[in-house]
Structures are given as structure tokens and as C-alpha cells.
file data_38.cif (mmCIF, C-alpha atoms)
data_entry
#
loop_
_atom_site.label_atom_id
_atom_site.label_comp_id
_atom_site.auth_asym_id
_atom_site.auth_seq_id
_atom_site.Cartn_x
_atom_site.Cartn_y
_atom_site.Cartn_z
CA MET A 1 129.65 115.35 250.42
CA ASN A 2 133.23 115.84 249.26
CA ARG A 3 135.92 117.74 251.12
CA LYS A 4 135.68 120.78 248.81
CA LEU A 5 131.97 121.26 249.48
CA LYS A 6 132.47 120.90 253.22
CA LEU A 7 135.22 123.53 253.08
CA LEU A 8 132.88 125.84 251.18
CA GLY A 9 130.26 125.26 253.87
CA ALA A 10 132.71 126.28 256.56
CA LEU A 11 133.71 129.38 254.61
CA ALA A 12 130.05 130.26 254.15
CA ALA A 13 129.58 130.13 257.91
CA LEU A 14 132.42 132.58 258.33
CA SER A 15 130.87 134.85 255.71
CA LEU A 16 127.65 134.98 257.72
CA ILE A 17 129.45 137.07 260.29
CA GLY A 18 130.37 139.86 257.87
CA GLY A 19 131.26 143.42 258.67
CA GLY A 20 134.71 142.66 260.12
CA ALA A 21 133.42 140.28 262.76
CA PHE A 22 135.28 137.19 263.88
CA ALA A 23 134.21 133.80 265.22
CA ALA A 24 136.93 131.17 265.07
CA GLU A 25 134.82 128.32 266.47
CA GLN A 26 132.56 126.56 263.99
CA TYR A 27 129.59 124.29 264.59
CA HIS A 28 128.90 121.55 262.04
CA ASP A 29 125.15 120.89 262.02
CA THR A 30 124.53 117.33 260.84
CA ARG A 31 121.07 116.81 262.31
CA TYR A 32 118.51 115.65 259.71
CA HIS A 33 121.43 115.39 257.23
CA MET A 34 121.82 119.19 257.13
CA ASP A 35 125.64 119.12 256.79
CA HIS A 36 126.01 122.89 257.23
CA TYR A 37 128.45 125.05 259.19
CA TYR A 38 127.60 127.94 261.50
CA PRO A 39 129.54 130.11 263.95
CA ALA A 40 129.47 128.24 267.26
CA ARG A 41 127.31 129.48 270.09
CA GLY A 42 129.42 131.19 272.70
CA ALA A 43 131.87 132.50 270.11
CA SER A 44 132.73 136.19 270.23
CA VAL A 45 132.35 138.60 267.30
CA ARG A 46 133.86 142.03 266.80
CA ALA A 47 130.85 143.40 264.94
CA LEU A 48 127.32 142.31 264.13
CA PRO A 49 126.39 141.43 260.51
CA ALA A 50 125.28 144.47 258.51
CA ALA A 51 122.11 142.73 257.27
CA ARG A 52 121.00 141.55 260.72
CA VAL A 53 117.32 141.57 261.67
CA PRO A 54 116.60 142.95 265.17
CA VAL A 55 114.30 140.71 267.22
CA TYR A 56 112.98 141.37 270.73
CA ASP A 57 111.88 138.86 273.32
CA ARG A 58 108.94 139.31 275.68
CA ALA A 59 111.14 141.21 278.14
CA HIS A 60 112.23 143.54 275.29
CA ASN A 61 115.78 142.17 275.23
CA ALA A 62 117.38 142.65 271.82
CA TYR A 63 118.62 139.76 269.69
CA TYR A 64 119.89 139.84 266.12
CA TYR A 65 119.09 137.25 263.45
CA HIS A 66 121.13 136.62 260.33
CA GLY A 67 121.48 133.53 258.16
CA GLY A 68 120.09 131.19 260.82
CA VAL A 69 122.57 132.53 263.41
CA TRP A 70 121.49 134.48 266.49
CA TYR A 71 123.55 137.21 268.15
CA ARG A 72 123.63 139.48 271.13
CA PRO A 73 126.36 142.11 271.33
CA TYR A 74 128.93 140.75 270.79
CA GLY A 75 128.58 137.02 270.64
CA VAL A 76 126.75 134.08 269.10
CA VAL A 77 123.83 132.79 271.19
CA GLY A 78 120.77 130.58 271.00
CA PRO A 79 117.41 132.31 270.46
CA PRO A 80 114.73 132.41 273.15
CA VAL A 81 111.53 130.48 272.53
CA GLY A 82 108.65 132.73 271.52
CA VAL A 83 110.41 135.31 269.33
CA PHE A 84 109.36 135.86 265.71
CA VAL A 85 111.27 136.24 262.45
CA PRO A 86 109.91 137.29 259.04
CA PHE A 87 111.60 134.51 257.06
CA LEU A 88 113.40 131.20 257.51
CA PRO A 89 117.15 130.72 257.06
CA ALA A 90 118.32 129.86 253.56
CA TYR A 91 119.39 126.42 254.80
CA TYR A 92 116.63 124.62 256.69
CA THR A 93 114.80 121.33 256.64
CA THR A 94 111.17 120.55 257.38
CA VAL A 95 110.41 117.99 260.10
CA TRP A 96 107.01 116.67 261.11
CA MET A 97 105.47 115.64 264.39
CA GLY A 98 101.84 114.82 265.01
CA GLY A 99 101.04 115.89 261.45
CA TYR A 100 102.44 119.38 262.03
CA PRO A 101 105.46 120.88 260.18
CA TYR A 102 108.43 122.42 261.97
CA TYR A 103 111.41 124.06 260.33
CA TYR A 104 114.88 123.24 261.62
CA ALA A 105 118.22 125.00 261.24
CA ASN A 106 121.25 125.40 263.51
CA ASP A 107 119.76 123.67 266.57
CA THR A 108 116.66 125.88 266.35
CA TYR A 109 113.08 124.97 265.47
CA TYR A 110 110.60 127.36 263.88
CA SER A 111 106.85 127.13 263.38
CA TRP A 112 104.61 129.26 261.19
CA ASN A 113 102.34 131.53 263.25
CA ALA A 114 99.43 132.61 261.07
CA ALA A 115 98.20 135.23 263.57
CA GLN A 116 101.56 137.01 263.46
CA GLY A 117 102.30 136.24 259.82
CA GLN A 118 105.82 135.22 260.85
CA TYR A 119 107.84 132.22 261.97
CA GLU A 120 108.09 131.65 265.72
CA VAL A 121 111.02 130.06 267.53
CA VAL A 122 109.58 127.06 269.38
CA ALA A 123 110.78 124.33 271.70
CA PRO A 124 112.04 121.19 269.94
CA PRO A 125 109.05 119.04 268.96
CA GLY A 126 108.54 116.13 271.30
CA THR A 127 109.49 118.06 274.45
CA ASP A 128 105.88 119.09 275.12
CA PRO A 129 103.78 116.15 276.42
CA ALA A 130 100.64 117.87 275.16
CA ALA A 131 101.94 117.58 271.60
CA GLY A 132 101.52 113.81 271.57
CA SER A 133 103.94 110.92 271.40
CA ASP A 134 104.48 110.60 267.64
CA GLY A 135 108.13 110.60 266.59
CA VAL A 136 109.74 113.44 264.67
CA SER A 137 110.18 112.66 260.99
CA THR A 138 111.51 114.46 257.94
CA GLU A 139 108.75 112.80 255.90
CA PRO A 140 105.37 114.59 255.85
CA PRO A 141 102.22 112.58 256.61
CA ALA A 142 101.14 112.98 253.00
CA ALA A 143 104.02 112.56 250.58
CA ALA A 144 105.21 115.95 249.43
CA GLY A 145 108.69 116.62 248.16
CA GLU A 146 110.85 119.40 249.54
CA LEU A 147 112.19 121.86 246.97
CA TYR A 148 115.88 122.68 247.25
CA SER A 149 117.30 125.80 245.63
CA TYR A 150 120.94 126.52 244.79
CA PRO A 151 122.16 130.04 243.97
CA LYS A 152 123.74 130.45 240.53
CA ASN A 153 124.74 134.09 240.82
CA GLY A 154 126.52 134.24 244.16
CA GLN A 155 123.48 135.44 246.09
CA SER A 156 124.26 136.17 249.72
CA PRO A 157 122.64 134.07 252.48
CA GLU A 158 120.31 136.94 253.42
CA GLN A 159 119.31 137.39 249.75
CA GLN A 160 118.57 133.66 249.51
CA GLU A 161 116.36 133.87 252.60
CA GLN A 162 114.46 136.85 251.23
CA ASP A 163 114.03 135.34 247.76
CA ARG A 164 112.78 132.04 249.11
CA TYR A 165 110.30 133.76 251.41
CA GLU A 166 108.95 136.05 248.68
CA CYS A 167 108.69 133.17 246.20
CA HIS A 168 106.90 131.07 248.82
CA ARG A 169 104.29 133.79 249.42
CA TRP A 170 103.81 134.22 245.65
CA ALA A 171 103.47 130.47 245.10
CA VAL A 172 100.86 130.27 247.86
CA ASP A 173 98.86 133.06 246.20
CA GLN A 174 99.10 131.34 242.81
CA SER A 175 98.26 127.82 243.95
CA GLY A 176 96.08 128.19 247.04
CA PHE A 177 98.43 125.70 248.72
CA ASP A 178 100.65 126.49 251.70
CA PRO A 179 102.92 123.66 252.91
CA THR A 180 103.55 125.55 256.16
CA GLN A 181 99.89 125.40 257.16
CA THR A 182 97.89 122.59 258.72
CA VAL A 183 94.25 122.35 259.72
CA GLY A 184 93.74 120.48 262.97
CA GLY A 185 97.06 118.70 262.49
CA THR A 186 96.13 117.62 258.94
CA PRO A 187 98.46 118.61 256.09
CA PRO A 188 96.99 120.75 253.28
CA ASP A 189 95.36 119.14 250.23
CA PRO A 190 98.25 117.32 248.50
CA SER A 191 96.52 117.56 245.10
CA LYS A 192 97.47 121.27 245.04
CA ARG A 193 101.14 120.63 245.77
CA PRO A 194 102.22 120.35 242.10
CA ALA A 195 100.82 123.82 241.37
CA TYR A 196 102.69 125.24 244.36
CA ASP A 197 105.93 123.51 243.34
CA HIS A 198 105.57 124.76 239.76
CA ALA A 199 105.04 128.36 240.90
CA MET A 200 107.85 128.18 243.46
CA THR A 201 110.24 126.72 240.90
CA ALA A 202 109.38 129.35 238.29
CA CYS A 203 109.87 132.15 240.78
CA LEU A 204 113.22 130.91 242.09
CA GLU A 205 114.57 130.11 238.62
CA GLY A 206 113.57 133.62 237.53
CA ARG A 207 115.71 134.97 240.38
CA GLY A 208 118.78 132.98 239.42
CA TYR A 209 118.51 129.66 241.26
CA THR A 210 118.71 126.02 240.26
CA VAL A 211 115.76 124.17 241.80
CA LYS A 212 115.60 120.42 242.45
#

call {"tool": "encode", "arguments": {"input": "data_38.cif", "output": "C-alpha cells"}}
result
Amino acid sequence: MNRKLKLLGALAALSLIGGGAFAAEQYHDTRYHMDHYYPARGASVRALPAARVPVYDRAHNAYYYHGGVWYRPYGVVGPPVGVFVPFLPAYYTTVWMGGYPYYYANDTYYSWNAAQGQYEVVAPPGTDPAAGSDGVSTEPPAAAGELYSYPKNGQSPEQQEQDRYECHRWAVDQSGFDPTQTVGGTPPDPSKRPAYDHAMTACLEGRGYTVK
């Protein structure tokens, strides 16, 4: 990626703070070829992002989620395992272990929890001996391409998250295929993937994104 794009990535990380906040330290996430910038954990902020999502852990401690970054007043932190969020960050990648998909962004792993209808923050795959010894891979067990969307109209990171989540739910309804679900560790029927991709692409393009 050229220097200009990397600079834009760093500026995007600063824009995630919003609302007059400040975090001088930046973290460059290169795991799984992400190449994305975030405010560094431990950095201080003057104000929380306006579009933050409040999240509570099991002890009812408040955290705030925005653009893949987690906050507590008034600093950048890591999220506790076991909390839930309604949608994934705009920039994430899917990784697989033992036939099960996880979603990675900013040193945090998420897993779809069907009972809650939300994504749960989980421990990094491979740290639980009960999960098996298979290595983590960005390639699914059954070949299925990841769709990448790029905003054409200057959509904010939170708008990108919301659009991708809503288009995902609509594509699942249209195709009967959900790439976030597995049955007994087995990926969903890959023959339905093209219908899902077609619906997802149509939805995102209709909302002003380029999809590849």
C-alpha cells in the first residue's frame, strides 16, 4: 500500500475519536494483512465519540464501542471477553479455526452468538485447549471469497458498520445462506454462497459502495 493510503488510514483512525477528543498515539494493525490504524490502547481522549455504542460487562461496568475501538472514560482500552456488540467494525477480516469463523479487528476477536443475535468478544482462537489444535487461517474450510466494500460517498466508519450489518442480514434473508454460521463446526452450504454474495453486493452498491 502506498504512502498516501497509509496516511489516510492514520487520519481515519484519528477521525474515529470525533467530538473534540484526542489520542496522539496510533496503533498500526498489520495482523492478517489488515494494514489499518487505530488509536492506541492506553491513550487518553478528551471526549468519547458521539456515535459510541454503550456496552456493559457481566459486572455492569460500562464500555463504549466505536469503529472497532473500545473506550472507558476517558481512554482507549481493550474490551473484556464476553461482551456483545450489534455489528462488526467496518474494517475486519474473517479467520477460521476448527471449521469455525471468527472476526478480527484491532487485536480483538468476535464470534457470532445466535442466541443473543449479536457478536460476542471472545478469546483469541487457539488459546482454549478445548477448541482443538487446528491452526488459525484466513481461508475458510470450503472456499468462499470475502467481499470487500469501499465507500464512494464519504460514509463515516459507523455508517459503514451499520450498512454492512443491515446488508448482511438482508442478504441472509434473500439467500438462506449465512457465512457467520456453522453447524457442528461445518461451514454452511457453499452452493448458496453466490446468491448471498449477489444480494450483499446489490445492497452495498445501492448504498454507495464499490464492492470487490

call {"tool": "resolve_selection", "arguments": {"input": "data_38.cif", "expression": "the PyMOL selection byres ((chain A and resi 168-178) around 9)", "output": "ChimeraX atom specification"}}
result
/A:163-167,179-182,188-190,192-201,203

call {"tool": "axis_aligned_box", "arguments": {"input": "data_38.cif", "around": "stretch 188-195 of chain A", "padding_each_side": "6 Å", "output": "lines of an AutoDock Vina configuration file"}}
result
center_x = 98.8
center_y = 120.6
center_z = 247.3
size_x = 18.9
size_y = 18.5
size_z = 23.9

call {"tool": "atom_distance", "arguments": {"input": "data_38.cif", "atom1": "atom CA of A:His33", "atom2": "atom CA of A:Tyr110"}}
result
17.5 Å

call {"tool": "residues_around", "arguments": {"input": "data_38.cif", "residues": "A:Asn106", "least_positions_apart": "4", "cutoff": "10 Å", "atoms": "all atoms listed in the file", "output": "JSON list (two decimals) with C-alpha atoms, in the coordinates of the input"}}
result
[["chain", "number", "residue", "atom", "x", "y", "z"],
["A", 27, "TYR", "CA", 129.59, 124.29, 264.59],
["A", 28, "HIS", "CA", 128.90, 121.55, 262.04],
["A", 29, "ASP", "CA", 125.15, 120.89, 262.02],
["A", 30, "THR", "CA", 124.53, 117.33, 260.84],
["A", 31, "ARG", "CA", 121.07, 116.81, 262.31],
["A", 34, "MET", "CA", 121.82, 119.19, 257.13],
["A", 36, "HIS", "CA", 126.01, 122.89, 257.23],
["A", 37, "TYR", "CA", 128.45, 125.05, 259.19],
["A", 38, "TYR", "CA", 127.60, 127.94, 261.50],
["A", 39, "PRO", "CA", 129.54, 130.11, 263.95],
["A", 40, "ALA", "CA", 129.47, 128.24, 267.26],
["A", 41, "ARG", "CA", 127.31, 129.48, 270.09],
["A", 67, "GLY", "CA", 121.48, 133.53, 258.16],
["A", 68, "GLY", "CA", 120.09, 131.19, 260.82],
["A", 69, "VAL", "CA", 122.57, 132.53, 263.41],
["A", 70, "TRP", "CA", 121.49, 134.48, 266.49],
["A", 78, "GLY", "CA", 120.77, 130.58, 271.00],
["A", 89, "PRO", "CA", 117.15, 130.72, 257.06],
["A", 91, "TYR", "CA", 119.39, 126.42, 254.80],
["A", 92, "TYR", "CA", 116.63, 124.62, 256.69]]

call {"tool": "closest_residue", "arguments": {"input": "data_38.cif", "among": "A:Val211, A:Ser191, A:Ala123, A:Gln118", "to": "A:Tyr104", "atoms": "only C-alpha atoms"}}
result
A:Ala123

call {"tool": "atom_distance", "arguments": {"input": "data_38.cif", "atom1": "atom CA of A:Ser149", "atom2": "atom CA of A:Tyr71"}}
result
26.0 Å

call {"tool": "atom_distance", "arguments": {"input": "data_38.cif", "atom1": "atom CA of A:Pro101", "atom2": "atom CA of A:Pro79"}}
result
19.5 Å

call {"tool": "closest_residue", "arguments": {"input": "data_38.cif", "among": "A:Val81, A:Leu48, A:Asn113, A:Pro124", "to": "A:Met97", "atoms": "all atoms listed in the file"}}
result
A:Pro124

call {"tool": "decode", "arguments": {"input": "data_38.cif", "residues": "stretch 104-122 of chain A", "atoms": "N, CA, C and O atoms", "output": "mmCIF file, in the first residue's frame"}}
result
data_model
loop_
_atom_site.group_PDB
_atom_site.id
_atom_site.type_symbol
_atom_site.label_atom_id
_atom_site.label_comp_id
_atom_site.auth_asym_id
_atom_site.auth_seq_id
_atom_site.Cartn_x
_atom_site.Cartn_y
_atom_site.Cartn_z
ATOM 1 N N TYR A 104 -11.898 -10.630 13.124
ATOM 2 C CA TYR A 104 -10.780 -9.958 13.792
ATOM 3 C C TYR A 104 -10.686 -8.502 13.373
ATOM 4 O O TYR A 104 -10.806 -8.171 12.192
ATOM 5 N N ALA A 105 -10.437 -7.634 14.364
ATOM 6 C CA ALA A 105 -10.136 -6.228 14.112
ATOM 7 C C ALA A 105 -9.495 -5.644 15.362
ATOM 8 O O ALA A 105 -9.975 -5.877 16.480
ATOM 9 N N ASN A 106 -8.410 -4.915 15.187
ATOM 10 C CA ASN A 106 -7.801 -4.151 16.271
ATOM 11 C C ASN A 106 -7.493 -5.016 17.500
ATOM 12 O O ASN A 106 -7.878 -4.681 18.630
ATOM 13 N N ASP A 107 -6.816 -6.137 17.275
ATOM 14 C CA ASP A 107 -6.417 -7.039 18.360
ATOM 15 C C ASP A 107 -7.607 -7.611 19.134
ATOM 16 O O ASP A 107 -7.478 -7.995 20.303
ATOM 17 N N THR A 108 -8.751 -7.669 18.505
ATOM 18 C CA THR A 108 -9.958 -8.196 19.148
ATOM 19 C C THR A 108 -10.614 -9.205 18.221
ATOM 20 O O THR A 108 -10.695 -8.984 17.015
ATOM 21 N N TYR A 109 -11.088 -10.306 18.805
ATOM 22 C CA TYR A 109 -11.793 -11.334 18.051
ATOM 23 C C TYR A 109 -13.264 -11.350 18.455
ATOM 24 O O TYR A 109 -13.600 -11.236 19.640
ATOM 25 N N TYR A 110 -14.120 -11.518 17.449
ATOM 26 C CA TYR A 110 -15.558 -11.576 17.662
ATOM 27 C C TYR A 110 -16.090 -12.893 17.094
ATOM 28 O O TYR A 110 -15.541 -13.443 16.136
ATOM 29 N N SER A 111 -17.190 -13.350 17.671
ATOM 30 C CA SER A 111 -17.855 -14.562 17.195
ATOM 31 C C SER A 111 -19.356 -14.322 17.223
ATOM 32 O O SER A 111 -19.877 -13.698 18.165
ATOM 33 N N TRP A 112 -20.049 -14.799 16.188
ATOM 34 C CA TRP A 112 -21.494 -14.613 16.141
ATOM 35 C C TRP A 112 -22.161 -15.499 17.188
ATOM 36 O O TRP A 112 -21.897 -16.699 17.278
ATOM 37 N N ASN A 113 -23.033 -14.903 18.001
ATOM 38 C CA ASN A 113 -23.785 -15.637 19.014
ATOM 39 C C ASN A 113 -25.245 -15.627 18.606
ATOM 40 O O ASN A 113 -25.934 -14.600 18.731
ATOM 41 N N ALA A 114 -25.718 -16.755 18.077
ATOM 42 C CA ALA A 114 -27.081 -16.817 17.550
ATOM 43 C C ALA A 114 -28.124 -16.595 18.636
ATOM 44 O O ALA A 114 -29.183 -16.007 18.385
ATOM 45 N N ALA A 115 -27.875 -17.075 19.849
ATOM 46 C CA ALA A 115 -28.845 -16.922 20.938
ATOM 47 C C ALA A 115 -29.067 -15.448 21.273
ATOM 48 O O ALA A 115 -30.193 -15.034 21.573
ATOM 49 N N GLN A 116 -28.004 -14.656 21.219
ATOM 50 C CA GLN A 116 -28.106 -13.228 21.512
ATOM 51 C C GLN A 116 -28.427 -12.396 20.269
ATOM 52 O O GLN A 116 -28.872 -11.254 20.371
ATOM 53 N N GLY A 117 -28.161 -12.961 19.099
ATOM 54 C CA GLY A 117 -28.356 -12.200 17.874
ATOM 55 C C GLY A 117 -27.357 -11.074 17.731
ATOM 56 O O GLY A 117 -27.622 -10.060 17.071
ATOM 57 N N GLN A 118 -26.166 -11.249 18.328
ATOM 58 C CA GLN A 118 -25.126 -10.230 18.302
ATOM 59 C C GLN A 118 -23.759 -10.909 18.215
ATOM 60 O O GLN A 118 -23.648 -12.132 18.318
ATOM 61 N N TYR A 119 -22.734 -10.084 18.056
ATOM 62 C CA TYR A 119 -21.370 -10.583 18.022
ATOM 63 C C TYR A 119 -20.761 -10.475 19.421
ATOM 64 O O TYR A 119 -20.863 -9.440 20.077
ATOM 65 N N GLU A 120 -20.110 -11.540 19.844
ATOM 66 C CA GLU A 120 -19.517 -11.601 21.177
ATOM 67 C C GLU A 120 -17.999 -11.460 21.089
ATOM 68 O O GLU A 120 -17.362 -12.044 20.210
ATOM 69 N N VAL A 121 -17.432 -10.671 21.981
ATOM 70 C CA VAL A 121 -15.978 -10.601 22.093
ATOM 71 C C VAL A 121 -15.488 -11.892 22.733
ATOM 72 O O VAL A 121 -15.971 -12.282 23.808
ATOM 73 N N VAL A 122 -14.559 -12.574 22.082
ATOM 74 C CA VAL A 122 -14.077 -13.871 22.552
ATOM 75 C C VAL A 122 -12.557 -13.853 22.676
ATOM 76 O O VAL A 122 -11.882 -12.972 22.144
#
